[in-house]
Each structure stands twice: as C-alpha cells, then as structure tokens.
>>> print(open('upload_32.cif').read())   # mmCIF, C-alpha atoms
data_target
#
loop_
_atom_site.label_atom_id
_atom_site.label_comp_id
_atom_site.auth_asym_id
_atom_site.auth_seq_id
_atom_site.Cartn_x
_atom_site.Cartn_y
_atom_site.Cartn_z
CA MET T 1 24.19 10.65 -1.88
CA THR T 2 24.91 8.09 -4.57
CA PRO T 3 25.27 9.64 -8.04
CA ALA T 4 22.24 8.94 -10.23
CA SER T 5 24.39 7.07 -12.75
CA LYS T 6 25.45 4.56 -10.07
CA ARG T 7 22.07 3.99 -8.51
CA LYS T 8 20.23 0.78 -9.26
CA THR T 9 17.06 1.01 -11.33
CA ILE T 10 14.15 -1.38 -11.07
CA GLY T 11 10.94 -1.68 -13.06
CA ILE T 12 7.48 -2.31 -11.60
CA PHE T 13 4.89 -3.89 -13.89
CA ALA T 14 1.24 -3.49 -12.82
CA SER T 15 -2.00 -4.03 -14.70
CA GLN T 16 -3.76 -0.97 -13.27
CA VAL T 17 -3.55 1.58 -10.47
CA GLY T 18 -7.17 1.55 -9.30
CA ARG T 19 -6.97 -1.51 -7.08
CA ALA T 20 -6.53 -0.63 -3.40
CA TRP T 21 -4.35 -3.63 -2.65
CA GLY T 22 -2.11 -2.79 -5.62
CA ALA T 23 -1.65 0.78 -4.40
CA GLU T 24 -0.57 -0.49 -0.96
CA PHE T 25 1.81 -3.06 -2.46
CA ILE T 26 3.43 -0.45 -4.70
CA ALA T 27 3.62 2.04 -1.81
CA GLY T 28 5.67 -0.51 0.10
CA ILE T 29 8.03 -0.90 -2.85
CA ASN T 30 8.36 2.86 -3.35
CA ASP T 31 9.11 3.55 0.33
CA ALA T 32 11.71 0.79 0.47
CA ALA T 33 13.31 2.02 -2.76
CA GLU T 34 13.48 5.58 -1.46
CA GLU T 35 15.15 4.40 1.74
CA SER T 36 17.71 2.47 -0.33
CA ASN T 37 18.27 5.22 -2.91
CA VAL T 38 17.06 3.07 -5.81
CA ASN T 39 15.36 4.39 -8.94
CA VAL T 40 11.89 3.02 -9.71
CA VAL T 41 10.14 3.11 -13.10
CA HIS T 42 6.46 2.13 -13.20
CA PHE T 43 4.76 0.51 -16.18
CA VAL T 44 0.96 0.29 -15.94
CA GLY T 45 -0.12 -1.47 -19.08
CA GLY T 46 -2.76 -4.10 -18.40
CA VAL T 47 -2.13 -7.83 -18.45
CA LEU T 48 0.89 -9.45 -20.11
CA LYS T 49 -0.86 -10.74 -23.20
CA GLN T 50 0.72 -10.71 -26.64
CA PHE T 51 -1.10 -9.28 -29.61
CA ALA T 52 -0.29 -8.67 -33.27
CA ASP T 53 1.45 -5.38 -34.01
CA SER T 54 -0.17 -3.83 -37.09
CA LYS T 55 3.05 -1.97 -37.98
CA ASN T 56 5.24 -5.08 -38.23
CA SER T 57 5.02 -8.83 -38.12
CA GLN T 58 6.27 -9.13 -34.55
CA ARG T 59 4.10 -9.85 -31.55
CA SER T 60 3.78 -7.05 -29.00
CA PHE T 61 3.17 -6.66 -25.27
CA GLY T 62 1.96 -3.10 -25.77
CA LEU T 63 3.29 -0.56 -23.29
CA TYR T 64 5.63 -3.13 -21.79
CA ASP T 65 7.66 -3.13 -25.03
CA LEU T 66 9.08 0.20 -23.81
CA ALA T 67 10.87 -1.59 -20.97
CA GLN T 68 14.25 -2.48 -22.38
CA PRO T 69 16.19 -5.14 -20.40
CA ALA T 70 19.43 -3.15 -20.55
CA HIS T 71 17.82 -0.27 -18.65
CA PHE T 72 16.87 -2.29 -15.56
CA ASP T 73 18.74 -4.12 -12.84
CA GLY T 74 15.60 -6.03 -11.83
CA LEU T 75 11.82 -6.26 -12.16
CA ILE T 76 8.82 -6.72 -9.86
CA LEU T 77 5.54 -8.05 -11.27
CA THR T 78 2.27 -7.48 -9.40
CA ALA T 79 -0.32 -10.26 -9.28
CA ASP T 80 -2.80 -8.64 -11.64
CA VAL T 81 -0.48 -8.51 -14.67
CA ALA T 82 -0.96 -12.27 -14.99
CA TYR T 83 -4.75 -12.41 -14.54
CA GLY T 84 -5.98 -14.72 -17.29
CA VAL T 85 -2.58 -14.79 -19.01
CA SER T 86 -1.43 -18.04 -20.63
CA ALA T 87 1.74 -19.86 -19.66
CA ASP T 88 3.02 -19.34 -23.22
CA ASP T 89 2.67 -15.55 -22.98
CA LEU T 90 4.49 -15.50 -19.64
CA LYS T 91 7.24 -17.69 -21.06
CA GLU T 92 7.69 -15.39 -24.07
CA PHE T 93 7.76 -12.33 -21.84
CA ARG T 94 10.43 -13.96 -19.70
CA LYS T 95 12.60 -14.58 -22.78
CA ARG T 96 12.67 -10.87 -23.55
CA PHE T 97 14.35 -10.11 -20.23
CA GLY T 98 16.94 -12.86 -20.26
CA ASP T 99 18.78 -13.07 -16.94
CA VAL T 100 17.31 -9.90 -15.38
CA PRO T 101 16.35 -10.77 -11.76
CA VAL T 102 12.57 -10.90 -11.26
CA VAL T 103 10.39 -11.03 -8.16
CA THR T 104 6.65 -11.54 -8.45
CA GLN T 105 3.55 -11.25 -6.32
CA SER T 106 1.66 -14.55 -6.71
CA VAL T 107 2.80 -15.06 -10.31
CA GLU T 108 4.59 -18.28 -11.23
CA PHE T 109 7.30 -17.03 -13.56
CA GLU T 110 10.34 -18.92 -14.85
CA GLY T 111 13.49 -18.09 -12.88
CA ALA T 112 11.65 -15.65 -10.59
CA SER T 113 11.28 -15.49 -6.83
CA MET T 114 7.65 -15.32 -5.75
CA LEU T 115 5.93 -13.87 -2.69
CA VAL T 116 2.56 -15.45 -1.94
CA PRO T 117 0.26 -14.96 1.07
CA ASP T 118 -0.54 -17.91 3.32
CA ASN T 119 -3.79 -18.53 1.47
CA ALA T 120 -4.28 -22.02 2.86
CA GLU T 121 -4.04 -21.15 6.55
CA GLY T 122 -5.98 -17.90 6.16
CA MET T 123 -8.91 -19.42 4.29
CA ARG T 124 -9.02 -22.57 6.40
CA ALA T 125 -9.10 -20.46 9.59
CA GLU T 126 -12.03 -18.47 8.20
CA VAL T 127 -14.07 -21.51 7.14
CA ARG T 128 -13.20 -23.24 10.43
CA HIS T 129 -14.53 -20.23 12.35
CA LEU T 130 -17.83 -20.33 10.46
CA ILE T 131 -18.23 -24.04 11.20
CA GLU T 132 -16.97 -24.25 14.78
CA VAL T 133 -18.17 -20.95 16.23
CA HIS T 134 -21.40 -20.45 14.29
CA GLY T 135 -22.32 -24.01 13.38
CA TYR T 136 -22.82 -23.28 9.67
CA LYS T 137 -22.93 -26.32 7.42
CA ARG T 138 -24.19 -24.82 4.15
CA ILE T 139 -21.26 -22.59 3.22
CA ALA T 140 -21.13 -21.30 -0.35
CA PHE T 141 -17.90 -20.25 -2.03
CA VAL T 142 -17.29 -17.62 -4.74
CA ARG T 143 -14.12 -18.49 -6.65
CA GLY T 144 -11.55 -16.06 -8.04
CA ILE T 145 -10.05 -15.98 -11.52
CA ALA T 146 -9.60 -19.50 -12.89
CA GLY T 147 -5.96 -20.57 -12.85
CA GLN T 148 -4.78 -17.64 -10.73
CA LEU T 149 -2.56 -18.91 -7.91
CA ASP T 150 -4.24 -17.16 -4.96
CA ALA T 151 -7.71 -18.03 -6.21
CA GLU T 152 -6.90 -21.70 -6.65
CA GLN T 153 -5.17 -22.02 -3.27
CA ARG T 154 -8.10 -20.39 -1.45
CA PHE T 155 -10.62 -22.64 -3.17
CA GLN T 156 -8.59 -25.72 -2.29
CA ALA T 157 -8.35 -24.55 1.33
CA TYR T 158 -12.15 -24.20 1.45
CA LYS T 159 -12.55 -27.79 0.25
CA ASP T 160 -9.85 -29.08 2.60
CA GLU T 161 -11.46 -27.48 5.66
CA LEU T 162 -14.90 -28.83 4.79
CA LYS T 163 -13.40 -32.30 4.55
CA ALA T 164 -11.48 -31.89 7.82
CA ARG T 165 -14.74 -30.94 9.58
CA GLY T 166 -16.69 -33.84 8.11
CA LEU T 167 -18.84 -31.71 5.80
CA PRO T 168 -19.58 -32.82 2.22
CA PHE T 169 -18.41 -30.74 -0.73
CA ASP T 170 -21.40 -29.56 -2.78
CA GLU T 171 -20.70 -28.20 -6.26
CA LYS T 172 -24.04 -26.37 -6.21
CA LEU T 173 -22.62 -24.12 -3.48
CA VAL T 174 -19.63 -23.08 -5.61
CA VAL T 175 -19.89 -20.18 -8.06
CA ASP T 176 -17.23 -18.89 -10.45
CA GLY T 177 -16.09 -15.30 -9.97
CA ASP T 178 -13.39 -12.98 -11.25
CA PHE T 179 -12.37 -10.93 -8.17
CA THR T 180 -14.81 -8.10 -9.05
CA SER T 181 -17.81 -6.89 -7.03
CA ASP T 182 -20.03 -7.55 -10.06
CA SER T 183 -19.18 -11.24 -9.90
CA GLY T 184 -20.02 -11.23 -6.19
CA ARG T 185 -23.45 -9.80 -6.96
CA ALA T 186 -23.93 -12.31 -9.77
CA ALA T 187 -23.01 -15.15 -7.40
CA VAL T 188 -25.94 -14.29 -5.12
CA PHE T 189 -28.31 -14.38 -8.11
CA THR T 190 -26.89 -17.76 -9.18
CA LEU T 191 -27.15 -19.29 -5.72
CA LEU T 192 -30.54 -17.99 -4.67
CA ASP T 193 -32.42 -17.66 -7.97
CA GLU T 194 -30.95 -20.08 -10.50
CA ARG T 195 -30.08 -22.87 -8.07
CA ASN T 196 -32.52 -22.06 -5.27
CA ALA T 197 -29.78 -23.13 -2.87
CA HIS T 198 -30.14 -23.09 0.89
CA VAL T 199 -27.17 -21.04 2.06
CA GLN T 200 -26.13 -20.16 5.61
CA ALA T 201 -22.90 -18.36 4.72
CA ILE T 202 -21.07 -17.07 1.62
CA VAL T 203 -17.28 -17.00 1.55
CA ALA T 204 -15.66 -15.05 -1.27
CA ALA T 205 -12.09 -15.52 -2.46
CA ASN T 206 -11.50 -11.78 -2.05
CA ASP T 207 -13.13 -8.79 -0.36
CA ARG T 208 -14.30 -7.17 -3.57
CA MET T 209 -16.55 -10.11 -4.38
CA ALA T 210 -17.72 -10.22 -0.76
CA PHE T 211 -18.74 -6.54 -1.01
CA GLY T 212 -20.79 -7.36 -4.11
CA ALA T 213 -22.45 -10.32 -2.41
CA LEU T 214 -23.21 -8.25 0.68
CA GLU T 215 -24.81 -5.52 -1.43
CA ALA T 216 -26.89 -8.00 -3.43
CA LEU T 217 -28.16 -9.73 -0.29
CA GLN T 218 -29.16 -6.45 1.33
CA GLN T 219 -30.97 -5.31 -1.83
CA ARG T 220 -33.03 -8.49 -1.66
CA GLY T 221 -33.93 -7.88 1.98
CA VAL T 222 -31.69 -10.71 3.19
CA ARG T 223 -30.17 -9.68 6.50
CA VAL T 224 -26.42 -10.05 7.04
CA PRO T 225 -25.46 -11.81 9.27
CA GLU T 226 -28.87 -12.78 10.72
CA ASP T 227 -30.05 -14.65 7.58
CA VAL T 228 -26.81 -15.23 5.67
CA ALA T 229 -23.25 -14.62 6.87
CA VAL T 230 -20.61 -13.21 4.51
CA ALA T 231 -16.80 -13.36 4.66
CA GLY T 232 -14.00 -12.27 2.36
CA PHE T 233 -10.21 -12.28 2.00
CA ASP T 234 -7.59 -9.46 1.85
CA ASP T 235 -8.89 -6.92 4.41
CA GLN T 236 -9.19 -4.02 2.00
CA ARG T 237 -9.80 -0.62 3.55
CA GLU T 238 -13.52 -0.71 2.81
CA ALA T 239 -13.91 -3.93 4.83
CA GLN T 240 -14.51 -1.96 8.02
CA ALA T 241 -16.43 0.86 6.34
CA THR T 242 -19.32 -1.20 4.97
CA GLY T 243 -22.70 -1.06 6.74
CA VAL T 244 -21.89 -4.49 8.16
CA PRO T 245 -18.12 -4.69 8.88
CA LEU T 246 -16.68 -7.62 6.95
CA THR T 247 -15.10 -10.68 8.53
CA THR T 248 -12.07 -11.37 6.38
CA VAL T 249 -8.46 -12.52 6.25
CA ARG T 250 -5.81 -9.84 6.41
CA GLN T 251 -2.61 -9.75 4.43
CA SER T 252 -0.34 -6.72 4.58
CA PHE T 253 0.18 -5.63 0.99
CA TYR T 254 2.39 -2.76 2.11
CA THR T 255 4.73 -5.10 3.99
CA ALA T 256 4.70 -7.54 1.10
CA GLY T 257 5.78 -4.71 -1.21
CA LYS T 258 8.75 -3.93 1.01
CA GLN T 259 9.64 -7.63 1.18
CA ALA T 260 9.43 -7.91 -2.61
CA PHE T 261 11.84 -5.00 -2.96
CA GLU T 262 14.26 -6.48 -0.42
CA ALA T 263 14.15 -9.86 -2.17
CA LEU T 264 14.84 -8.24 -5.54
CA MET T 265 17.79 -6.25 -4.21
CA THR T 266 19.22 -9.40 -2.69
CA ARG T 267 19.08 -11.09 -6.07
CA ILE T 268 20.49 -8.04 -7.87
CA ASN T 269 23.44 -8.02 -5.47
CA GLY T 270 24.17 -11.69 -6.08
CA GLY T 271 22.43 -13.14 -3.06
CA THR T 272 20.13 -16.14 -2.91
CA VAL T 273 16.37 -15.85 -2.41
CA LYS T 274 13.94 -18.72 -1.96
CA LYS T 275 11.83 -19.55 -4.99
CA VAL T 276 8.67 -19.12 -2.91
CA THR T 277 8.27 -16.97 0.20
CA VAL T 278 4.98 -17.35 2.08
CA THR T 279 3.86 -14.17 3.83
CA PRO T 280 1.58 -14.27 6.91
CA THR T 281 -2.18 -13.87 6.96
CA GLN T 282 -4.53 -13.29 9.89
CA LEU T 283 -8.22 -13.97 10.40
CA LEU T 284 -10.10 -10.80 11.41
CA ILE T 285 -13.46 -11.35 13.05
CA ARG T 286 -16.04 -8.64 12.45
CA TRP T 287 -19.84 -8.39 12.29
CA SER T 288 -20.68 -10.04 8.95
CA CYS T 289 -20.11 -13.59 10.22
CA GLY T 290 -22.38 -13.06 13.23
CA CYS T 291 -19.79 -12.15 15.87
CA LEU T 292 -19.74 -9.03 18.00
CA PRO T 293 -17.20 -6.64 16.43
CA GLU T 294 -13.79 -6.77 18.11
CA ASN T 295 -13.69 -3.01 18.72
CA VAL T 296 -17.00 -3.21 20.59
CA LYS T 297 -15.71 -6.02 22.79
CA GLN T 298 -12.44 -4.21 23.39
CA ALA T 299 -14.11 -0.94 24.33
CA ALA T 300 -16.35 -2.61 26.88
CA VAL T 301 -14.77 -2.51 30.34
CA ALA T 302 -16.22 -4.83 32.96
CA PRO T 303 -16.51 -3.60 36.57
CA ARG T 304 -13.96 -6.18 37.67
CA ASP T 305 -11.47 -4.70 35.19
CA VAL T 306 -12.02 -1.17 36.51
CA ALA T 307 -11.61 -2.40 40.07
CA LYS T 308 -8.17 -3.90 39.49
CA THR T 309 -5.40 -2.26 41.45
CA GLY T 310 -2.41 -3.51 39.47
CA ARG T 311 0.05 -0.74 38.70
CA LEU T 312 -0.06 0.45 35.10
CA GLU T 313 3.74 0.45 34.98
CA ASN T 314 3.60 -3.35 35.32
CA LYS T 315 1.12 -3.73 32.48
CA ARG T 316 3.38 -2.36 29.75
CA GLU T 317 4.43 -5.64 28.11
CA ALA T 318 0.95 -7.13 28.20
CA ALA T 319 -0.51 -3.90 26.82
CA LEU T 320 2.00 -3.73 23.97
CA ARG T 321 1.27 -7.33 22.96
CA ALA T 322 -2.45 -6.58 22.97
CA LEU T 323 -1.96 -3.38 20.94
CA LEU T 324 0.10 -5.20 18.31
CA ASN T 325 -2.58 -7.87 18.06
CA ALA T 326 -5.32 -5.24 17.72
CA ALA T 327 -3.40 -3.69 14.82
CA GLY T 328 -3.01 -7.07 13.14
CA ILE T 329 0.80 -6.98 13.41
CA THR T 330 2.07 -10.56 13.51
CA GLU T 331 5.39 -11.93 14.79
CA ARG T 332 6.61 -12.27 11.21
CA ASP T 333 5.63 -8.74 10.17
CA SER T 334 8.74 -6.73 9.27
CA SER T 335 7.14 -3.57 10.70
CA ARG T 336 6.54 -5.15 14.13
CA THR T 337 9.56 -3.50 15.78
CA ALA T 338 8.61 -0.04 14.54
CA PHE T 339 5.03 -0.46 15.71
CA ARG T 340 6.13 -1.79 19.08
CA GLU T 341 8.33 1.27 19.59
CA GLY T 342 5.50 3.61 18.56
CA PHE T 343 2.97 1.93 20.85
CA GLY T 344 5.55 1.96 23.64
CA ARG T 345 6.05 5.72 23.32
CA ALA T 346 2.28 6.26 23.42
CA TRP T 347 1.91 4.08 26.53
CA ASP T 348 4.81 5.77 28.31
CA SER T 349 3.53 9.27 27.50
CA PHE T 350 0.12 8.26 28.83
CA LEU T 351 1.66 7.23 32.16
CA LEU T 352 3.64 10.46 32.36
CA ALA T 353 0.51 12.52 31.70
CA LEU T 354 -1.41 10.49 34.26
CA ASN T 355 1.27 11.15 36.87
CA GLU T 356 1.30 14.84 35.86
CA THR T 357 5.00 14.68 34.96
CA SER T 358 4.11 15.49 31.36
CA THR T 359 1.29 17.32 29.57
CA SER T 360 -1.68 15.71 27.89
CA ASP T 361 -0.48 17.35 24.67
CA ASP T 362 2.56 15.08 24.70
CA PHE T 363 0.29 12.04 24.94
CA LEU T 364 -1.91 13.29 22.09
CA LYS T 365 1.16 13.87 19.95
CA ALA T 366 2.31 10.31 20.63
CA ILE T 367 -1.15 8.99 19.70
CA ASN T 368 -1.15 11.07 16.53
CA ALA T 369 2.25 9.63 15.60
CA VAL T 370 0.86 6.12 16.05
CA VAL T 371 -2.16 6.92 13.85
CA GLU T 372 0.12 8.36 11.15
CA GLN T 373 2.26 5.21 11.34
CA MET T 374 -0.82 3.03 10.86
CA GLN T 375 -1.97 5.21 7.94
CA LYS T 376 1.41 4.83 6.28
CA HIS T 377 1.09 1.05 6.48
CA GLY T 378 -2.40 1.10 5.01
CA LEU T 379 -4.32 0.28 8.21
CA THR T 380 -7.89 1.52 8.32
CA ALA T 381 -9.72 3.84 10.68
CA GLY T 382 -11.41 0.82 12.22
CA THR T 383 -8.01 -0.60 13.09
CA TRP T 384 -7.02 2.68 14.76
CA HIS T 385 -10.22 2.44 16.77
CA ASN T 386 -9.33 -1.10 17.83
CA VAL T 387 -5.91 0.01 19.02
CA ILE T 388 -7.26 3.00 20.99
CA SER T 389 -9.96 0.79 22.53
CA VAL T 390 -7.37 -1.73 23.69
CA MET T 391 -5.28 1.04 25.26
CA ARG T 392 -8.39 2.36 27.03
CA ARG T 393 -9.21 -1.10 28.35
CA TYR T 394 -5.74 -1.69 29.77
CA ALA T 395 -5.58 1.82 31.20
CA LEU T 396 -8.92 1.58 33.00
CA GLY T 397 -7.88 -1.77 34.41
CA GLY T 398 -5.18 -0.05 36.44
CA ILE T 399 -6.78 3.26 37.44
CA THR T 400 -8.30 3.32 40.90
CA ASP T 401 -9.05 7.05 41.09
CA HIS T 402 -12.63 7.32 39.77
CA ASN T 403 -12.22 11.00 38.95
CA VAL T 404 -9.29 10.22 36.70
CA MET T 405 -11.13 7.26 35.25
CA LEU T 406 -14.15 9.33 34.29
#
>>> encode(input="upload_32.cif", output="structure tokens")
Amino acid sequence: MTPASKRKTIGIFASQVGRAWGAEFIAGINDAAEESNVNVVHFVGGVLKQFADSKNSQRSFGLYDLAQPAHFDGLILTADVAYGVSADDLKEFRKRFGDVPVVTQSVEFEGASMLVPDNAEGMRAEVRHLIEVHGYKRIAFVRGIAGQLDAEQRFQAYKDELKARGLPFDEKLVVDGDFTSDSGRAAVFTLLDERNAHVQAIVAANDRMAFGALEALQQRGVRVPEDVAVAGFDDQREAQATGVPLTTVRQSFYTAGKQAFEALMTRINGGTVKKVTVTPTQLLIRWSCGCLPENVKQAAVAPRDVAKTGRLENKREAALRALLNAAGITERDSSRTAFREGFGRAWDSFLLALNETSTSDDFLKAINAVVEQMQKHGLTAGTWHNVISVMRRYALGGITDHNVML
C-alpha cells in the first residue's frame, strides 16, 4: 500500500448532501478514489458566494476558506455549488487556487475541465416523444435555475424541438422554476390559475420539479396522464416510486462521478483532458406520459413467444443486449463491461439450473449479485424489476416444457 504521505489528496466541494443525485455523484468519486488509493476531503458549505467577514476586511467563502491550495492535488466541484453564483465570485474563487487542477460537474470555471450531460439530445428526445407518439401540441415547460448550464441547455432543447416539429413557441406555457418540488407545484398554479392555460403536457427541467407538478395536479383532481402528461429529467430514485411512474431522461450520476475522478487524476498526472466532456443520457418511458410502463410490457409474454423452440444457449447475446438496455446501460457507460459480465453469469447459472447441472441456489446467488451491482450504481428497484422481467421473457421464449415454464 502506498504510504499516506505519498498518496494524492483531492477536495470535493458540494453545496449540500441532501440531494439524491449529489449523493450518487459523490459515491462514484469515493469508490474510484478508494480503488486508486487517493485521499478525499469533502467540503459541504453551500454555494460559492463571497460575503464580508466581520472579523477582518477580507471577503470570505465561508467553510471553503478552510481548503488551502497547498493541501490538495486537485479539486472537483459539484453542480450545485454554483447555483445562482455570479461569474465574478467564481473568478475570485478560482484565483485562490492558482494552478490546482479542477474538474467540475456542469460548472463553467476558468481553466477547469467540465463534465456535462447530453442535455440537448435527452430533452429533445423527450419532447419529440410527447409530440410524435402522443400527439401533444400544448406542452408547457418548467425552467431550472436561471443561468445554470443544465437548465439553460434543456430549455433551449425544448424550444429547438418545438421548432423542428413545426409547433409555435408560446411564452405563456413557460414558467420559471428553481429545481425544487415547490417550484413545480407553483408552476401548476401559474399555468392553470393565473394564466388559465390549456395544457396537454408539462415537462420539467428536472425530476424534483416534475414531482411537485405531479402532486399539485393530483391534488386538484387532474388525472396524470389521462388529463395532463408529466415528464422530468435526471431519473432520480423516486421517479419509479411515485403513484404514477415518471417518464424522464436518465443520466448516471454515479458513472459521472467516476469519470470526474478519472479526468482529475489525468490532469494531476500531467495528462490532457478535454475542456468539455459530454456524458450520455437516455429517455426512459414510463406511465406519466401516457405509455404502458416498460416493465409491464416486458413481463407480458405472448403465446407465440412461449411457443418458440429456439435453444436458450443461442439466445445469450440477444438476451444480454436486452438486459443492458433494460438497466439503462449505454454503449458509452464505463460500467457496461462489469454489468455485461454480471448479467452473463446470471444467464449462464439459469441455464445450468434449468439443465439440472447446478442448483437453483446458485442462480439466486447470481441474481442477488446482479441486484447488489445495480444498487451500487444507484439503479432503482423498478430498474431491477425491468431486468428480471426481460430475463423472464427471453427464458420463456425458449422453454418448451410447460411444467418447467409454469
């Protein structure tokens, strides 16, 4: 083991610890740091705004003043430390750390490398789905924090997709928000009461605001999705646990955390990292837009599927691709190889148990390992259900013994 005095030390600056996405992002950093034997020091001190220090004439950043540049080889800034922060405050903060390598999550910071989700493609895919699949034309939008990079990119994507589909942009359908559920609830009041707007769907710039909008609609007796559809962005854990599972856009905060760590270590070690790295997003269709939930469709096995006689051994590759898709693991996801191996072990143990060359306990252990792997990467119980349903569907498609099938 590397002596403590020779290990690298990095600092993580976060506004708060209560946000689910922040916890997943930081978990990714922590796990990657542990694997690389790197020290991590966390500073949770609100946003990076300067204020007057009553004890002296200097300006202060509060808790962050404790982070001395000489003590750190590099820094990672989470997105929320810059919520509502001026360019001047960010510039002053940067000066304090001189040439210390910095990687940020959706924060434009002088001399830093930034990871940002593919907001444009994710939001455009969501709005496109509402228009093309459901035929909605009156689509309201709840904006995020003014000036925040993700919020602005998602709003622009909403406008771009409306234009691409020949729909007019209506300012009366746009409401300011701040990424909180309270602002989502307030948006419903603004749209339906103050503006008396006719709305077929509400798209929020993040899940938290979508949750608030969903709650406000239900309290008013407005049915979701029968009367008004709702969609969000982020795929927070609660998205599948709401009364009406939320259609949203998934980004893997855990994976992004690991990527942020890897980018920072590359810079610390003298390597080159792109100024901006765009991480993948994926549209997840659930009930709130009006579609049948994916896990329901996956669990349903048509008679023609049960009647197939193809050997299960020949279905392995197709099954693994379907399982990865059900888990939301994209081609660009750094954890794809690990998930593929885990799903492969579960599939192989299932075949062995089916052929009575192994016990069912071995299969259950393999499934449990897969569930634990998904938990570690922040995937929800609904996602586990999707994966198990896909495995069931592929398995039943190749079983011809009705006793085994039942």
>>> atom_distance(input="upload_32.cif", atom1="CA of Gln200 in chain T", atom2="CA of Glu126 in chain T")
14.4 Å
>>> closest_atom_pairs(input="upload_32.cif", of="range 117-173 of chain T", to="range 265-288 of chain T", cutoff="8 Å", atoms="all atoms listed in the file", output="JSON lines")
{"residue": "T:Pro117", "atom": "CA", "partner": "T:Thr279", "partner_atom": "CA", "distance": 4.6}
{"residue": "T:Asp118", "atom": "CA", "partner": "T:Pro280", "partner_atom": "CA", "distance": 5.5}
{"residue": "T:Asn119", "atom": "CA", "partner": "T:Thr281", "partner_atom": "CA", "distance": 7.4}
{"residue": "T:Glu121", "atom": "CA", "partner": "T:Thr281", "partner_atom": "CA", "distance": 7.5}
{"residue": "T:Gly122", "atom": "CA", "partner": "T:Thr281", "partner_atom": "CA", "distance": 5.6}
{"residue": "T:Ala125", "atom": "CA", "partner": "T:Leu283", "partner_atom": "CA", "distance": 6.6}
{"residue": "T:Glu126", "atom": "CA", "partner": "T:Leu283", "partner_atom": "CA", "distance": 6.3}
>>> resolve_selection(input="upload_32.cif", expression="the PyMOL selection byres ((chain T and resi 246) around 9)", output="list in words")
Asp207, Ala210, Phe211, Val230, Ala231, Gly232, Asp235, Glu238, Ala239, Gln240, Ala241, Thr242, Gly243, Val244, Pro245, Thr247, Thr248, Leu284, Ile285, Arg286, Trp287, Ser288 and Cys289 of chain T
>>> axis_aligned_box(input="upload_32.cif", around="range 62-74 of chain T", padding_each_side="6 Å", output="JSON")
{"center_x": 10.7, "center_y": -2.9, "center_z": -18.8, "size_x": 29.5, "size_y": 18.2, "size_z": 25.9}
>>> atom_distance(input="upload_32.cif", atom1="CA of Asn196 in chain T", atom2="CA of Ile131 in chain T")
21.9 Å
>>> atom_distance(input="upload_32.cif", atom1="CA of Glu34 in chain T", atom2="CA of Phe61 in chain T")
28.7 Å
>>> resolve_selection(input="upload_32.cif", expression="the PyMOL selection byres ((chain T and resi 344) around 12)", output="PyMOL selection string")
chain T and resi 313+315-324+336-343+345-351+363+366-367+369-370+391
>>> write_last_selection(input="upload_32.cif", atoms="C-alpha atoms", output="mmCIF file, in the frame of the given file")
data_model
loop_
_atom_site.group_PDB
_atom_site.id
_atom_site.type_symbol
_atom_site.label_atom_id
_atom_site.label_comp_id
_atom_site.auth_asym_id
_atom_site.auth_seq_id
_atom_site.Cartn_x
_atom_site.Cartn_y
_atom_site.Cartn_z
ATOM 1 C CA GLU T 313 3.740 0.450 34.980
ATOM 2 C CA LYS T 315 1.120 -3.730 32.480
ATOM 3 C CA ARG T 316 3.380 -2.360 29.750
ATOM 4 C CA GLU T 317 4.430 -5.640 28.110
ATOM 5 C CA ALA T 318 0.950 -7.130 28.200
ATOM 6 C CA ALA T 319 -0.510 -3.900 26.820
ATOM 7 C CA LEU T 320 2.000 -3.730 23.970
ATOM 8 C CA ARG T 321 1.270 -7.330 22.960
ATOM 9 C CA ALA T 322 -2.450 -6.580 22.970
ATOM 10 C CA LEU T 323 -1.960 -3.380 20.940
ATOM 11 C CA LEU T 324 0.100 -5.200 18.310
ATOM 12 C CA ARG T 336 6.540 -5.150 14.130
ATOM 13 C CA THR T 337 9.560 -3.500 15.780
ATOM 14 C CA ALA T 338 8.610 -0.040 14.540
ATOM 15 C CA PHE T 339 5.030 -0.460 15.710
ATOM 16 C CA ARG T 340 6.130 -1.790 19.080
ATOM 17 C CA GLU T 341 8.330 1.270 19.590
ATOM 18 C CA GLY T 342 5.500 3.610 18.560
ATOM 19 C CA PHE T 343 2.970 1.930 20.850
ATOM 20 C CA ARG T 345 6.050 5.720 23.320
ATOM 21 C CA ALA T 346 2.280 6.260 23.420
ATOM 22 C CA TRP T 347 1.910 4.080 26.530
ATOM 23 C CA ASP T 348 4.810 5.770 28.310
ATOM 24 C CA SER T 349 3.530 9.270 27.500
ATOM 25 C CA PHE T 350 0.120 8.260 28.830
ATOM 26 C CA LEU T 351 1.660 7.230 32.160
ATOM 27 C CA PHE T 363 0.290 12.040 24.940
ATOM 28 C CA ALA T 366 2.310 10.310 20.630
ATOM 29 C CA ILE T 367 -1.150 8.990 19.700
ATOM 30 C CA ALA T 369 2.250 9.630 15.600
ATOM 31 C CA VAL T 370 0.860 6.120 16.050
ATOM 32 C CA MET T 391 -5.280 1.040 25.260
#
>>> closest_residue(input="upload_32.cif", among="T:Arg124, T:His377, T:Arg250, T:His42", to="Arg154 in chain T", atoms="only C-alpha atoms")
T:Arg124
>>> resolve_selection(input="upload_32.cif", expression="the PyMOL selection byres ((chain T and resi 17) around 12)", output="JSON list (two decimals) with C-alpha atoms, in the coordinates of the input")
[["chain", "number", "residue", "atom", "x", "y", "z"],
["T", 12, "ILE", "CA", 7.48, -2.31, -11.60],
["T", 13, "PHE", "CA", 4.89, -3.89, -13.89],
["T", 14, "ALA", "CA", 1.24, -3.49, -12.82],
["T", 15, "SER", "CA", -2.00, -4.03, -14.70],
["T", 16, "GLN", "CA", -3.76, -0.97, -13.27],
["T", 18, "GLY", "CA", -7.17, 1.55, -9.30],
["T", 19, "ARG", "CA", -6.97, -1.51, -7.08],
["T", 20, "ALA", "CA", -6.53, -0.63, -3.40],
["T", 21, "TRP", "CA", -4.35, -3.63, -2.65],
["T", 22, "GLY", "CA", -2.11, -2.79, -5.62],
["T", 23, "ALA", "CA", -1.65, 0.78, -4.40],
["T", 24, "GLU", "CA", -0.57, -0.49, -0.96],
["T", 25, "PHE", "CA", 1.81, -3.06, -2.46],
["T", 26, "ILE", "CA", 3.43, -0.45, -4.70],
["T", 27, "ALA", "CA", 3.62, 2.04, -1.81],
["T", 42, "HIS", "CA", 6.46, 2.13, -13.20],
["T", 43, "PHE", "CA", 4.76, 0.51, -16.18],
["T", 44, "VAL", "CA", 0.96, 0.29, -15.94],
["T", 45, "GLY", "CA", -0.12, -1.47, -19.08],
["T", 46, "GLY", "CA", -2.76, -4.10, -18.40],
["T", 78, "THR", "CA", 2.27, -7.48, -9.40],
["T", 80, "ASP", "CA", -2.80, -8.64, -11.64],
["T", 81, "VAL", "CA", -0.48, -8.51, -14.67]]
>>> closest_residue(input="upload_32.cif", among="T:Pro101, T:Gly257, T:Gly184, T:Gly135", to="Ser334 in chain T", atoms="only C-alpha atoms")
T:Gly257
>>> closest_residue(input="upload_32.cif", among="T:Ala87, T:Val222, T:Leu379, T:Ala67", to="Lys49 in chain T", atoms="only C-alpha atoms")
T:Ala87
>>> closest_residue(input="upload_32.cif", among="T:Ala33, T:Val224, T:Leu75, T:Ile139", to="Ser113 in chain T", atoms="all atoms listed in the file")
T:Leu75
>>> closest_residue(input="upload_32.cif", among="T:Asp99, T:Glu35, T:Asp333, T:Asp65", to="Phe253 in chain T", atoms="all atoms listed in the file")
T:Asp333
>>> residues_around(input="upload_32.cif", residues="Ser181 in chain T", least_positions_apart="2", cutoff="6 Å", atoms="only C-alpha atoms", output="number ranges by chain")
T: 183-184, 208-209, 212
